[in-house]
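Data block below; observations after.
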Amino acid sequence: MKNVVILGAGTAGTLMANKLRKKLPVKTWNITVVDQDKTHYYQPGFLFVPFGIYNESDVVKPKKNFFPKGVNIIYAKIDKIVTDENKVLLENSEKILDYDFLIIATGTRIAPEETPGLLGDLWRKEIFDFYTIEGAVALAKYLETWKGGKMVVNITELPYKCPVAPLEFIFLADAYFKRKGMRDKVEISLVTPLPGVFTKPIATQMLSKVVEEKNIKVIPDYNVAEVDNAAKKIIDYAGTGVEFDLLVTIPTNKGDDMIERSGLGDDLNFVPTDKFTLQAAGHSNIFVIGDAANLPTSKAGSVAHFAAEVVVENLLCAIEGKPLQAKFDGHANCYIVTSYSKGTLIDFNYDTEPLPGVYPYPVIGPFGLLKDTRLNYFGKMFFKWMYWNLLLPGRSLPVTDHMSMMGKRYPKHHVK
């Protein structure tokens, strides 16, 4: 028997287990998934928890519900990968996993400890994250009785998972406080290391208008150095302070510490990965999928979904000793909720920025790209059902893995 070992059972790892079990013969290939947690989180749903749209039960299910038959599951913490021996060592265990091929899908985690003062006296009291279920639930409870003041939403550094989530958070905060009749008592600021609200100019122009209409302040090019709990300020490297009454932080994101112990990571523990083949740099029998890779595209669930077929096809090529044929184009798309009833949609890849148009089908859409519509909001909310029932089980979705220019257009007077 030969062995494929998948490290991580989040979105990417679960998706790969389902797809590979359909492709590799059970009689000749073992597939083993390793993860330390038994709970699967619908991470895009964390955003809605602070505002009472979802509760914890909406975003949590047992991982065992999503593994196909014929896949071995080991719930354990990974010590390290010994690449020159094709082995995975587990913590507090004598068990050693041999692999013929390895898929790293260990994702990313928030690392608030990387910013001095962030884990200070105000942590989970007046400083919160919403990228963990614990942070989102604590923030929801806090907002129920908050009387208003300066809400600062701060992105610590790049990259971080779900790049549009901070924008969605400030849009939903605006709607939440309006519904409570206290929007005039809350000053919302987005403090970001980016030069604007997004990374690409056409989308930035559209989203900046939404931010302006909602009277949300943007402080760009801000690189936070520390958090002063006593003065209730974030301070950048130039010594410029921004005061807060409530700080919502998007902390530094890092890959799994196991990556560092294995000598496989960059300075943030993300695995250097060929952006087209998704093969780990320097390792012909290791592939990387999802947030664990250092790809120059969004750390988002859609990227893992679109990359999955490339990993499957190239893994099969590698098994047969053939050149890797499939190429990933960096395809990503994201719904962006802009209120309690509307949203927009972006679709892009390594080479093409988000453009206006319709998606997924030309002419008929039905979703509008860089348009603020009610249908896009329903698309975002319906995605939760698609995630649990189609995406995780590895079923086909009615969209192409590679980004298509059909239905898209460059705005007039835009220089490519």
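Please note that chains go A, B, ... in the order of the structure tokens, that every chain numbers its residues from 1, and that ligands are numbered from 1 in the order shown.
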key: Nearby residues (only C-alpha atoms) at most 9 Å from stretch 140-145 of chain A, same-chain spacing under 3 positions excluded, as a PyMOL selection string   = chain A and resi 49-52+124-126+135-137
Quick one: write out the picked residues with C-alpha atoms as a CSV table (one decimal), in the first residue's frame?
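Now in selection-v4.csv:
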```csv
chain,number,residue,atom,x,y,z
A,49,VAL,CA,-21.5,36.5,15.0
A,50,PRO,CA,-20.7,39.9,16.6
A,51,PHE,CA,-23.8,41.4,15.1
A,52,GLY,CA,-26.2,38.7,16.1
A,124,ARG,CA,-11.3,40.5,25.2
A,125,LYS,CA,-12.5,43.4,27.4
A,126,GLU,CA,-12.2,46.4,25.1
A,135,GLY,CA,-13.3,36.4,19.9
A,136,ALA,CA,-16.4,36.8,17.8
A,137,VAL,CA,-18.7,35.5,20.6
```
inquiry  = Please list as a PyMOL selection string every residue within 10 Å of A:Leu118, counting only C-alpha atoms and excluding residues in the same chain fewer than 5 positions away.
reply    = chain A and resi 111-113+123+127-128+225-229+234+247+249+251
Requested write-out: C-alpha atoms of the selected residues, as an mmCIF file, in the first residue's frame:
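Result went into again_36.cif, see below:
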```
data_model
loop_
_atom_site.group_PDB
_atom_site.id
_atom_site.type_symbol
_atom_site.label_atom_id
_atom_site.label_comp_id
_atom_site.auth_asym_id
_atom_site.auth_seq_id
_atom_site.Cartn_x
_atom_site.Cartn_y
_atom_site.Cartn_z
ATOM 1 C CA ALA A 111 -0.843 35.612 16.302
ATOM 2 C CA PRO A 112 -1.760 38.571 18.547
ATOM 3 C CA GLU A 113 1.344 37.869 20.607
ATOM 4 C CA TRP A 123 -7.744 41.859 25.613
ATOM 5 C CA ILE A 127 -9.882 44.820 22.466
ATOM 6 C CA PHE A 128 -11.342 41.990 20.403
ATOM 7 C CA ALA A 225 4.006 48.862 16.329
ATOM 8 C CA GLU A 226 2.329 48.493 19.710
ATOM 9 C CA VAL A 227 -0.868 48.879 21.689
ATOM 10 C CA ASP A 228 -0.904 51.190 24.716
ATOM 11 C CA ASN A 229 -3.570 49.712 26.995
ATOM 12 C CA ILE A 234 -2.517 52.010 18.911
ATOM 13 C CA LEU A 247 -10.409 48.168 19.243
ATOM 14 C CA THR A 249 -8.005 43.911 15.635
ATOM 15 C CA PRO A 251 -3.790 40.430 14.243
#
```
Of the listed residues A:Met258, A:Ile235, A:Ile133, A:Ile6, that which approaches A:Tyr42 most closely, counting only C-alpha atoms =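 The closest residue to A:Tyr42 is A:Ile133.
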task = Check the DSSP output for the backbone and give back, as a ChimeraX atom specification, the residues of stretch 101-314 of chain A in strand (DSSP E).
result = /A:101-104,108-110,127-128,149-155,186-191,217-219,224-228,233-236,241-243,246-250,253-255,286-288
Would you put the residues from that selection into a file with N, CA and C atoms, as a compact mmCIF listing (two decimals), in the first residue's frame?
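Final output, saved to again-v6.txt:
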```
# COMPACT_ATOMS: atom_id res chain seq x y z
N PHE A 101 3.27 10.64 -0.71
CA PHE A 101 2.97 12.02 -1.06
C PHE A 101 2.32 12.70 0.14
N LEU A 102 2.66 13.97 0.30
CA LEU A 102 2.17 14.75 1.43
C LEU A 102 1.44 15.99 0.92
N ILE A 103 0.31 16.30 1.53
CA ILE A 103 -0.42 17.53 1.22
C ILE A 103 -0.49 18.35 2.49
N ILE A 104 0.06 19.54 2.45
CA ILE A 104 0.04 20.44 3.60
C ILE A 104 -1.15 21.39 3.46
N THR A 108 -3.76 28.98 8.46
CA THR A 108 -3.11 30.09 9.14
C THR A 108 -3.84 30.37 10.44
N ARG A 109 -3.16 31.03 11.34
CA ARG A 109 -3.77 31.35 12.64
C ARG A 109 -3.46 32.80 12.98
N ILE A 110 -4.30 33.40 13.83
CA ILE A 110 -3.95 34.73 14.30
C ILE A 110 -2.86 34.61 15.35
N ILE A 127 -10.61 45.19 23.69
CA ILE A 127 -9.88 44.82 22.47
C ILE A 127 -10.33 43.41 22.07
N PHE A 128 -10.79 43.27 20.84
CA PHE A 128 -11.34 41.99 20.40
C PHE A 128 -10.86 41.66 18.99
N GLY A 149 -18.76 55.39 21.09
CA GLY A 149 -17.43 55.97 21.21
C GLY A 149 -16.64 55.71 19.94
N LYS A 150 -15.33 55.62 20.08
CA LYS A 150 -14.45 55.43 18.92
C LYS A 150 -14.18 53.94 18.70
N MET A 151 -14.76 53.40 17.62
CA MET A 151 -14.47 52.02 17.23
C MET A 151 -13.37 52.05 16.17
N VAL A 152 -12.24 51.45 16.48
CA VAL A 152 -11.13 51.38 15.54
C VAL A 152 -10.97 49.93 15.09
N VAL A 153 -11.03 49.73 13.78
CA VAL A 153 -10.78 48.41 13.20
C VAL A 153 -9.40 48.47 12.56
N ASN A 154 -8.47 47.70 13.10
CA ASN A 154 -7.07 47.80 12.69
C ASN A 154 -6.55 46.51 12.10
N ILE A 155 -6.02 46.59 10.89
CA ILE A 155 -5.32 45.48 10.24
C ILE A 155 -3.84 45.60 10.61
N VAL A 186 -21.25 56.65 17.42
CA VAL A 186 -20.10 55.79 17.13
C VAL A 186 -19.29 56.37 15.97
N GLU A 187 -18.01 56.55 16.23
CA GLU A 187 -17.07 56.94 15.16
C GLU A 187 -16.33 55.69 14.72
N ILE A 188 -16.53 55.28 13.47
CA ILE A 188 -15.91 54.05 12.95
C ILE A 188 -14.71 54.44 12.10
N SER A 189 -13.56 53.83 12.40
CA SER A 189 -12.33 54.08 11.64
C SER A 189 -11.71 52.75 11.21
N LEU A 190 -11.28 52.71 9.97
CA LEU A 190 -10.49 51.58 9.47
C LEU A 190 -9.05 52.04 9.37
N VAL A 191 -8.17 51.40 10.14
CA VAL A 191 -6.76 51.76 10.18
C VAL A 191 -5.99 50.61 9.54
N LYS A 217 -14.23 56.58 8.57
CA LYS A 217 -12.92 57.19 8.38
C LYS A 217 -11.89 56.12 8.02
N VAL A 218 -11.02 56.42 7.09
CA VAL A 218 -9.95 55.49 6.70
C VAL A 218 -8.61 56.15 6.98
N ILE A 219 -7.76 55.44 7.72
CA ILE A 219 -6.39 55.89 7.97
C ILE A 219 -5.46 54.90 7.27
N VAL A 224 1.05 49.36 12.59
CA VAL A 224 1.01 49.41 14.05
C VAL A 224 2.25 48.74 14.63
N ALA A 225 2.82 49.39 15.65
CA ALA A 225 4.01 48.86 16.33
C ALA A 225 3.67 48.31 17.70
N GLU A 226 2.69 48.94 18.37
CA GLU A 226 2.33 48.49 19.71
C GLU A 226 0.95 49.01 20.08
N VAL A 227 0.41 48.44 21.15
CA VAL A 227 -0.87 48.88 21.69
C VAL A 227 -0.63 49.36 23.11
N ASP A 228 -1.03 50.62 23.38
CA ASP A 228 -0.90 51.19 24.72
C ASP A 228 -2.25 51.01 25.42
N LYS A 233 -4.58 53.48 23.03
CA LYS A 233 -4.10 53.93 21.73
C LYS A 233 -3.38 52.79 21.03
N ILE A 234 -3.48 52.77 19.70
CA ILE A 234 -2.52 52.01 18.91
C ILE A 234 -1.48 53.01 18.43
N ILE A 235 -0.25 52.56 18.33
CA ILE A 235 0.86 53.46 17.98
C ILE A 235 1.65 52.84 16.85
N ASP A 236 1.94 53.63 15.81
CA ASP A 236 2.69 53.09 14.68
C ASP A 236 4.19 53.31 14.89
N GLY A 241 -0.21 58.05 17.25
CA GLY A 241 -1.20 57.29 17.99
C GLY A 241 -2.60 57.48 17.43
N VAL A 242 -3.40 56.42 17.53
CA VAL A 242 -4.82 56.48 17.19
C VAL A 242 -5.60 56.00 18.40
N GLU A 243 -6.44 56.87 18.95
CA GLU A 243 -7.19 56.55 20.16
C GLU A 243 -8.39 55.65 19.85
N LEU A 246 -13.04 51.20 21.59
CA LEU A 246 -13.19 49.78 21.26
C LEU A 246 -12.26 49.49 20.10
N LEU A 247 -11.34 48.56 20.30
CA LEU A 247 -10.41 48.17 19.24
C LEU A 247 -10.78 46.78 18.73
N VAL A 248 -11.05 46.71 17.43
CA VAL A 248 -11.28 45.42 16.78
C VAL A 248 -10.05 45.16 15.91
N THR A 249 -9.29 44.15 16.28
CA THR A 249 -8.00 43.91 15.64
C THR A 249 -8.05 42.73 14.68
N ILE A 250 -7.34 42.87 13.57
CA ILE A 250 -7.02 41.74 12.71
C ILE A 250 -5.53 41.50 12.94
N ASN A 253 -1.08 37.30 11.00
CA ASN A 253 -1.40 35.91 10.67
C ASN A 253 -0.10 35.14 10.45
N LYS A 254 -0.06 33.91 10.95
CA LYS A 254 1.11 33.07 10.76
C LYS A 254 0.66 31.65 10.39
N GLY A 255 1.54 30.95 9.71
CA GLY A 255 1.30 29.54 9.46
C GLY A 255 1.53 28.73 10.72
N ILE A 286 5.59 16.83 -2.24
CA ILE A 286 4.79 17.61 -1.28
C ILE A 286 4.03 18.70 -2.04
N PHE A 287 2.72 18.77 -1.80
CA PHE A 287 1.90 19.83 -2.37
C PHE A 287 1.29 20.64 -1.24
N VAL A 288 1.00 21.89 -1.53
CA VAL A 288 0.46 22.79 -0.51
C VAL A 288 -0.81 23.43 -1.05
```
task = For A:Asp35, list every protein, DNA or RNA residue within 9 Å, evaluated using only C-alpha atoms, and leave out those in the same chain fewer than 4 positions away; present the list as a ChimeraX atom specification.
result = /A:6-10,73-78,106
Since we have the selection now, will you write its residues out, keeping C-alpha atoms, as an mmCIF file, in the first residue's frame?
```
data_model
loop_
_atom_site.group_PDB
_atom_site.id
_atom_site.type_symbol
_atom_site.label_atom_id
_atom_site.label_comp_id
_atom_site.auth_asym_id
_atom_site.auth_seq_id
_atom_site.Cartn_x
_atom_site.Cartn_y
_atom_site.Cartn_z
ATOM 1 C CA ILE A 6 -3.011 15.257 4.437
ATOM 2 C CA LEU A 7 -2.001 17.595 7.245
ATOM 3 C CA GLY A 8 -4.937 19.739 8.346
ATOM 4 C CA ALA A 9 -8.677 19.144 8.114
ATOM 5 C CA GLY A 10 -9.998 22.632 7.565
ATOM 6 C CA ILE A 73 -8.553 10.174 10.572
ATOM 7 C CA ILE A 74 -6.001 10.884 13.289
ATOM 8 C CA TYR A 75 -6.802 13.590 15.832
ATOM 9 C CA ALA A 76 -3.398 14.661 17.067
ATOM 10 C CA LYS A 77 -1.037 17.593 17.087
ATOM 11 C CA ILE A 78 1.755 17.406 14.534
ATOM 12 C CA THR A 106 -2.509 23.484 7.889
#
```
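Between A:Lys95 and the candidates A:Thr28, A:Leu139, A:Asp79, A:Ile319, the tightest atom-to-atom separation, counting only C-alpha atoms, involves A:Asp79.
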query = When you draw a straight line from atom CA of A:Asn314 to atom CA of A:Tyr99, how long is it in Å?
reply = 16.7 Å
key: Residues of stretch 258-333 of chain A in alpha helix (DSSP H), written as number ranges by chain   = A: 258-261, 301-319
task = Could you jot down the atom CA of A:Lys64 to atom CA of A:His40 separation for me, Å, one decimal place?
result = 8.7 Å
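Interatomic distance, atom CA of A:Tyr359 against atom CA of A:Ile53: 26.0 Å.
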inquiry  = Let me make sure I understand: among A:Lys61, A:Lys161, A:Lys38, A:Lys342, which one has the smallest atom-to-atom distance to A:Ala300 if we use only C-alpha atoms?
reply    =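 Of the candidates, the smallest distance to A:Ala300 is held by A:Lys161.
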key: Shell around A:Asp329 at 9 Å using only C-alpha atoms, local window under 2 positions removed, as a PyMOL selection string   = chain A and resi 275-276+307+327+331+349-351+401-403
Give me a file of those residues, with C-alpha atoms, as a PDB file, in the first residue's frame.
```pdb
ATOM      1  CA  LYS A 275       2.296  29.434  -7.539  1.00  0.00           C
ATOM      2  CA  PHE A 276       1.300  27.500 -10.658  1.00  0.00           C
ATOM      3  CA  ALA A 307      -6.809  25.209  -6.466  1.00  0.00           C
ATOM      4  CA  LYS A 327      -1.549  25.323 -13.694  1.00  0.00           C
ATOM      5  CA  HIS A 331      -8.359  32.518  -9.067  1.00  0.00           C
ATOM      6  CA  ASN A 349      -6.606  36.095 -10.341  1.00  0.00           C
ATOM      7  CA  TYR A 350      -2.837  36.607 -10.353  1.00  0.00           C
ATOM      8  CA  ASP A 351      -2.900  38.814 -13.442  1.00  0.00           C
ATOM      9  CA  ASP A 401     -11.808  26.806 -11.505  1.00  0.00           C
ATOM     10  CA  HIS A 402      -9.837  29.153 -13.760  1.00  0.00           C
ATOM     11  CA  MET A 403     -10.929  32.766 -13.910  1.00  0.00           C
TER      12      MET A 403
END
```
